[in-house]
Amino acid sequence: MTDLDHPVSLRYSRDHEWVGTTEDNAVVRVGITDFAQDQLGDVVYVDLPAVGDTITAGESCGEVESTKSVSDLIAPVSGTVTEVNDELDGTPELVNSSPFEAGWMFLVELDEPGQVDGLLDSEQYTEFIRSEEA
């Protein structure tokens with residue numbers, strides 16, 4: 001079993017994205033989990049939605065390319081992208097080295113603020129991963 005870090009301050013999707021609230025609770029920060037980056041291997045390219053794009057929970061909104069594969073980035077929430085992490089253009093490996101901090105992907109202004117509550121907490125996400133690995 002993989003022993004990876006899942007900060008308790010974040011919420012998680014079953015597609016292995018994390019969501020963190022910002023000072024403005026109507027805007028959240030999104031990235032992929034430590035588990036996801038570990039499964040992908042060395043990330044070499046990230047294709048993110050553009051500022052102003054509308055994303056829908058459960059639908060593809062970008063791609064993460066690694067030395068192993070290309071994986072869809074699945075939106076964990078619905079809303080409008082307000083900012084993207086431009087650092088990932090030149091240093092996509094930040095997704096591997098710092099998935100919860102410097103490797104964040106984009107900010108979303110939520111259509112409905114309560115939708116984050118429907119995501120998994122840290123303990124639920126850890127159990128979800130364990131059930132997938134079993």
# chains A, B, ... in the order shown; residues from 1 in each chain; ligands from 1

call {"tool": "residues_around", "arguments": {"residues": "Asn25 of chain A", "least_positions_apart": "2", "cutoff": "12 Å", "atoms": "only C-alpha atoms", "output": "list in words"}}
result
Val19, Gly20, Thr21, Thr22, Glu23, Val27, Val28, Arg29, Leu107, Val108, Glu109, Leu110, Asp111, Glu112, Pro113, Gly114, Gln115, Val116 and Asp117 of chain A

call {"tool": "residues_around", "arguments": {"residues": "Leu119 of chain A", "least_positions_apart": "5", "cutoff": "12 Å", "atoms": "only C-alpha atoms", "output": "PDB file with N, CA, C and O atoms, in the first residue's frame"}}
result
ATOM      1  N   LEU A  10      -7.691  20.009   3.012  1.00  0.00           N
ATOM      2  CA  LEU A  10      -8.180  19.951   1.634  1.00  0.00           C
ATOM      3  C   LEU A  10      -9.334  18.959   1.499  1.00  0.00           C
ATOM      4  O   LEU A  10      -9.561  18.132   2.367  1.00  0.00           O
ATOM      5  N   ARG A  11     -10.039  19.060   0.371  1.00  0.00           N
ATOM      6  CA  ARG A  11     -11.071  18.080  -0.005  1.00  0.00           C
ATOM      7  C   ARG A  11     -10.578  17.393  -1.279  1.00  0.00           C
ATOM      8  O   ARG A  11      -9.770  17.954  -2.024  1.00  0.00           O
ATOM      9  N   TYR A  12     -11.100  16.191  -1.546  1.00  0.00           N
ATOM     10  CA  TYR A  12     -10.561  15.357  -2.623  1.00  0.00           C
ATOM     11  C   TYR A  12     -11.659  14.762  -3.485  1.00  0.00           C
ATOM     12  O   TYR A  12     -12.729  14.420  -2.985  1.00  0.00           O
ATOM     13  N   SER A  13     -11.350  14.601  -4.772  1.00  0.00           N
ATOM     14  CA  SER A  13     -12.285  13.938  -5.685  1.00  0.00           C
ATOM     15  C   SER A  13     -11.850  12.489  -5.877  1.00  0.00           C
ATOM     16  O   SER A  13     -10.693  12.134  -5.631  1.00  0.00           O
ATOM     17  N   ARG A  14     -12.753  11.675  -6.360  1.00  0.00           N
ATOM     18  CA  ARG A  14     -12.432  10.281  -6.671  1.00  0.00           C
ATOM     19  C   ARG A  14     -11.567  10.181  -7.930  1.00  0.00           C
ATOM     20  O   ARG A  14     -11.082   9.106  -8.259  1.00  0.00           O
ATOM     21  N   ASP A  15     -11.375  11.308  -8.605  1.00  0.00           N
ATOM     22  CA  ASP A  15     -10.496  11.364  -9.777  1.00  0.00           C
ATOM     23  C   ASP A  15      -9.096  11.848  -9.396  1.00  0.00           C
ATOM     24  O   ASP A  15      -8.290  12.163 -10.262  1.00  0.00           O
ATOM     25  N   HIS A  16      -8.836  11.968  -8.093  1.00  0.00           N
ATOM     26  CA  HIS A  16      -7.519  12.291  -7.542  1.00  0.00           C
ATOM     27  C   HIS A  16      -7.103  13.746  -7.734  1.00  0.00           C
ATOM     28  O   HIS A  16      -5.925  14.047  -7.874  1.00  0.00           O
ATOM     29  N   GLU A  17      -8.082  14.648  -7.701  1.00  0.00           N
ATOM     30  CA  GLU A  17      -7.785  16.075  -7.627  1.00  0.00           C
ATOM     31  C   GLU A  17      -8.078  16.546  -6.204  1.00  0.00           C
ATOM     32  O   GLU A  17      -8.902  15.962  -5.515  1.00  0.00           O
ATOM     33  N   TRP A  18      -7.368  17.597  -5.799  1.00  0.00           N
ATOM     34  CA  TRP A  18      -7.653  18.193  -4.493  1.00  0.00           C
ATOM     35  C   TRP A  18      -8.209  19.591  -4.697  1.00  0.00           C
ATOM     36  O   TRP A  18      -7.981  20.229  -5.722  1.00  0.00           O
ATOM     37  N   VAL A  19      -8.963  20.046  -3.687  1.00  0.00           N
ATOM     38  CA  VAL A  19      -9.557  21.374  -3.701  1.00  0.00           C
ATOM     39  C   VAL A  19      -9.264  22.027  -2.357  1.00  0.00           C
ATOM     40  O   VAL A  19      -9.523  21.441  -1.304  1.00  0.00           O
ATOM     41  N   GLY A  20      -8.719  23.227  -2.408  1.00  0.00           N
ATOM     42  CA  GLY A  20      -8.449  23.982  -1.194  1.00  0.00           C
ATOM     43  C   GLY A  20      -9.139  25.323  -1.248  1.00  0.00           C
ATOM     44  O   GLY A  20      -9.147  25.980  -2.291  1.00  0.00           O
ATOM     45  N   ALA A  57     -17.878  19.983 -13.062  1.00  0.00           N
ATOM     46  CA  ALA A  57     -17.440  18.864 -12.223  1.00  0.00           C
ATOM     47  C   ALA A  57     -17.652  17.545 -12.948  1.00  0.00           C
ATOM     48  O   ALA A  57     -18.701  17.315 -13.549  1.00  0.00           O
ATOM     49  N   GLY A  58     -16.612  16.696 -12.919  1.00  0.00           N
ATOM     50  CA  GLY A  58     -16.695  15.383 -13.536  1.00  0.00           C
ATOM     51  C   GLY A  58     -16.290  15.348 -14.995  1.00  0.00           C
ATOM     52  O   GLY A  58     -16.193  14.281 -15.589  1.00  0.00           O
ATOM     53  N   ALA A  75     -12.300  18.010 -13.725  1.00  0.00           N
ATOM     54  CA  ALA A  75     -12.718  19.098 -12.833  1.00  0.00           C
ATOM     55  C   ALA A  75     -13.420  18.532 -11.599  1.00  0.00           C
ATOM     56  O   ALA A  75     -14.389  17.787 -11.727  1.00  0.00           O
ATOM     57  N   PRO A  76     -12.941  18.878 -10.404  1.00  0.00           N
ATOM     58  CA  PRO A  76     -13.597  18.407  -9.184  1.00  0.00           C
ATOM     59  C   PRO A  76     -14.797  19.264  -8.784  1.00  0.00           C
ATOM     60  O   PRO A  76     -15.612  18.850  -7.960  1.00  0.00           O
ATOM     61  N   VAL A  77     -14.900  20.453  -9.364  1.00  0.00           N
ATOM     62  CA  VAL A  77     -15.979  21.393  -9.060  1.00  0.00           C
ATOM     63  C   VAL A  77     -16.392  22.099 -10.352  1.00  0.00           C
ATOM     64  O   VAL A  77     -15.674  22.050 -11.347  1.00  0.00           O
ATOM     65  N   GLY A 114     -21.339  25.566  -1.934  1.00  0.00           N
ATOM     66  CA  GLY A 114     -21.514  24.360  -1.140  1.00  0.00           C
ATOM     67  C   GLY A 114     -21.012  23.084  -1.802  1.00  0.00           C
ATOM     68  O   GLY A 114     -20.917  22.044  -1.144  1.00  0.00           O
ATOM     69  N   GLN A 124     -11.539  10.019   4.252  1.00  0.00           N
ATOM     70  CA  GLN A 124     -12.336   9.313   3.238  1.00  0.00           C
ATOM     71  C   GLN A 124     -11.502   9.047   1.985  1.00  0.00           C
ATOM     72  O   GLN A 124     -11.600   7.978   1.381  1.00  0.00           O
ATOM     73  N   TYR A 125     -10.683  10.026   1.588  1.00  0.00           N
ATOM     74  CA  TYR A 125      -9.841   9.847   0.397  1.00  0.00           C
ATOM     75  C   TYR A 125      -8.808   8.747   0.624  1.00  0.00           C
ATOM     76  O   TYR A 125      -8.574   7.916  -0.259  1.00  0.00           O
ATOM     77  N   PHE A 128     -10.541   5.553   0.256  1.00  0.00           N
ATOM     78  CA  PHE A 128     -10.843   5.337  -1.159  1.00  0.00           C
ATOM     79  C   PHE A 128      -9.630   4.763  -1.893  1.00  0.00           C
ATOM     80  O   PHE A 128      -9.758   3.802  -2.650  1.00  0.00           O
TER      81      PHE A 128
END

call {"tool": "residues_around", "arguments": {"residues": "Val95 of chain A", "least_positions_apart": "3", "cutoff": "8 Å", "atoms": "only C-alpha atoms", "output": "ChimeraX atom specification"}}
result
/A:32,37,43,88,92,98-99,102-104

call {"tool": "select_by_dssp", "arguments": {"residues": "segment 11-106 of chain A", "states": "strand (DSSP E)", "output": "ChimeraX atom specification"}}
result
/A:11-12,17-21,27-32,43-47,54-55,60-66,70-74,79-84,106

call {"tool": "closest_residue", "arguments": {"among": "A:Met105, A:Cys61, A:Val44, A:Leu73", "to": "Asn85 of chain A", "atoms": "only C-alpha atoms"}}
result
A:Met105

call {"tool": "residues_around", "arguments": {"residues": "Glu123 of chain A", "least_positions_apart": "3", "cutoff": "9 Å", "atoms": "only C-alpha atoms", "output": "ChimeraX atom specification"}}
result
/A:6,8,120,126-128

call {"tool": "closest_residue", "arguments": {"among": "A:Ser122, A:Ser9, A:Ser131, A:Ser66", "to": "Tyr45 of chain A", "atoms": "only C-alpha atoms"}}
result
A:Ser66

call {"tool": "select_by_dssp", "arguments": {"residues": "segment 2-131 of chain A", "states": "alpha helix (DSSP H)", "output": "list of chain:residue names"}}
result
A:Asp34, A:Phe35, A:Ala36, A:Gln37, A:Asp38, A:Gln39, A:Leu40, A:Glu87, A:Leu88, A:Asp89, A:Gly90, A:Leu94, A:Val95, A:Asn96, A:Ser97, A:Ser122, A:Glu123, A:Gln124, A:Tyr125, A:Thr126, A:Glu127, A:Phe128, A:Ile129, A:Arg130, A:Ser131

call {"tool": "atom_distance", "arguments": {"atom1": "atom CA of Phe100 of chain A", "atom2": "atom CA of Asp34 of chain A"}}
result
7.6 Å

call {"tool": "closest_residue", "arguments": {"among": "A:Ala26, A:Asp42, A:Thr33, A:Ile74", "to": "Thr91 of chain A", "atoms": "only C-alpha atoms"}}
result
A:Asp42

call {"tool": "decode", "arguments": {"residues": "segment 66-86 of chain A", "atoms": "N, CA and C atoms", "output": "PDB file, in the first residue's frame"}}
result
ATOM      1  N   SER A  66       2.982  12.711 -18.520  1.00  0.00           N
ATOM      2  CA  SER A  66       4.163  12.249 -17.794  1.00  0.00           C
ATOM      3  C   SER A  66       4.991  11.368 -18.716  1.00  0.00           C
ATOM      4  N   THR A  67       6.113  10.898 -18.201  1.00  0.00           N
ATOM      5  CA  THR A  67       6.948  10.003 -18.989  1.00  0.00           C
ATOM      6  C   THR A  67       6.251   8.668 -19.214  1.00  0.00           C
ATOM      7  N   LYS A  68       5.211   8.376 -18.418  1.00  0.00           N
ATOM      8  CA  LYS A  68       4.474   7.113 -18.525  1.00  0.00           C
ATOM      9  C   LYS A  68       3.230   7.216 -19.397  1.00  0.00           C
ATOM     10  N   SER A  69       2.494   8.341 -19.293  1.00  0.00           N
ATOM     11  CA  SER A  69       1.184   8.422 -19.953  1.00  0.00           C
ATOM     12  C   SER A  69       0.678   9.861 -20.022  1.00  0.00           C
ATOM     13  N   VAL A  70      -0.472  10.010 -20.673  1.00  0.00           N
ATOM     14  CA  VAL A  70      -1.212  11.268 -20.672  1.00  0.00           C
ATOM     15  C   VAL A  70      -2.533  10.999 -19.972  1.00  0.00           C
ATOM     16  N   SER A  71      -2.854  11.800 -18.965  1.00  0.00           N
ATOM     17  CA  SER A  71      -4.091  11.606 -18.207  1.00  0.00           C
ATOM     18  C   SER A  71      -4.935  12.866 -18.253  1.00  0.00           C
ATOM     19  N   ASP A  72      -6.241  12.663 -18.347  1.00  0.00           N
ATOM     20  CA  ASP A  72      -7.155  13.803 -18.288  1.00  0.00           C
ATOM     21  C   ASP A  72      -7.147  14.399 -16.902  1.00  0.00           C
ATOM     22  N   LEU A  73      -7.267  15.699 -16.855  1.00  0.00           N
ATOM     23  CA  LEU A  73      -7.475  16.429 -15.613  1.00  0.00           C
ATOM     24  C   LEU A  73      -8.983  16.606 -15.499  1.00  0.00           C
ATOM     25  N   ILE A  74      -9.584  16.011 -14.487  1.00  0.00           N
ATOM     26  CA  ILE A  74     -11.038  16.035 -14.329  1.00  0.00           C
ATOM     27  C   ILE A  74     -11.411  17.115 -13.310  1.00  0.00           C
ATOM     28  N   ALA A  75     -12.300  18.010 -13.725  1.00  0.00           N
ATOM     29  CA  ALA A  75     -12.718  19.098 -12.833  1.00  0.00           C
ATOM     30  C   ALA A  75     -13.420  18.532 -11.599  1.00  0.00           C
ATOM     31  N   PRO A  76     -12.941  18.878 -10.404  1.00  0.00           N
ATOM     32  CA  PRO A  76     -13.597  18.407  -9.184  1.00  0.00           C
ATOM     33  C   PRO A  76     -14.797  19.264  -8.784  1.00  0.00           C
ATOM     34  N   VAL A  77     -14.900  20.453  -9.364  1.00  0.00           N
ATOM     35  CA  VAL A  77     -15.979  21.393  -9.060  1.00  0.00           C
ATOM     36  C   VAL A  77     -16.392  22.099 -10.352  1.00  0.00           C
ATOM     37  N   SER A  78     -17.524  22.776 -10.301  1.00  0.00           N
ATOM     38  CA  SER A  78     -17.999  23.558 -11.445  1.00  0.00           C
ATOM     39  C   SER A  78     -17.830  25.045 -11.156  1.00  0.00           C
ATOM     40  N   GLY A  79     -17.408  25.785 -12.182  1.00  0.00           N
ATOM     41  CA  GLY A  79     -17.247  27.222 -12.026  1.00  0.00           C
ATOM     42  C   GLY A  79     -16.432  27.806 -13.152  1.00  0.00           C
ATOM     43  N   THR A  80     -15.887  28.997 -12.900  1.00  0.00           N
ATOM     44  CA  THR A  80     -15.112  29.728 -13.896  1.00  0.00           C
ATOM     45  C   THR A  80     -13.668  29.853 -13.430  1.00  0.00           C
ATOM     46  N   VAL A  81     -12.739  29.500 -14.303  1.00  0.00           N
ATOM     47  CA  VAL A  81     -11.313  29.586 -13.990  1.00  0.00           C
ATOM     48  C   VAL A  81     -10.921  31.059 -13.899  1.00  0.00           C
ATOM     49  N   THR A  82     -10.318  31.442 -12.761  1.00  0.00           N
ATOM     50  CA  THR A  82      -9.933  32.844 -12.551  1.00  0.00           C
ATOM     51  C   THR A  82      -8.423  33.058 -12.616  1.00  0.00           C
ATOM     52  N   GLU A  83      -7.658  31.968 -12.472  1.00  0.00           N
ATOM     53  CA  GLU A  83      -6.196  32.083 -12.502  1.00  0.00           C
ATOM     54  C   GLU A  83      -5.622  30.699 -12.772  1.00  0.00           C
ATOM     55  N   VAL A  84      -4.496  30.660 -13.497  1.00  0.00           N
ATOM     56  CA  VAL A  84      -3.778  29.398 -13.693  1.00  0.00           C
ATOM     57  C   VAL A  84      -2.355  29.571 -13.179  1.00  0.00           C
ATOM     58  N   ASN A  85      -1.736  28.459 -12.820  1.00  0.00           N
ATOM     59  CA  ASN A  85      -0.368  28.480 -12.307  1.00  0.00           C
ATOM     60  C   ASN A  85       0.592  28.491 -13.497  1.00  0.00           C
ATOM     61  N   ASP A  86       1.014  29.684 -13.904  1.00  0.00           N
ATOM     62  CA  ASP A  86       1.910  29.844 -15.051  1.00  0.00           C
ATOM     63  C   ASP A  86       3.278  29.206 -14.837  1.00  0.00           C
TER      64      ASP A  86
END
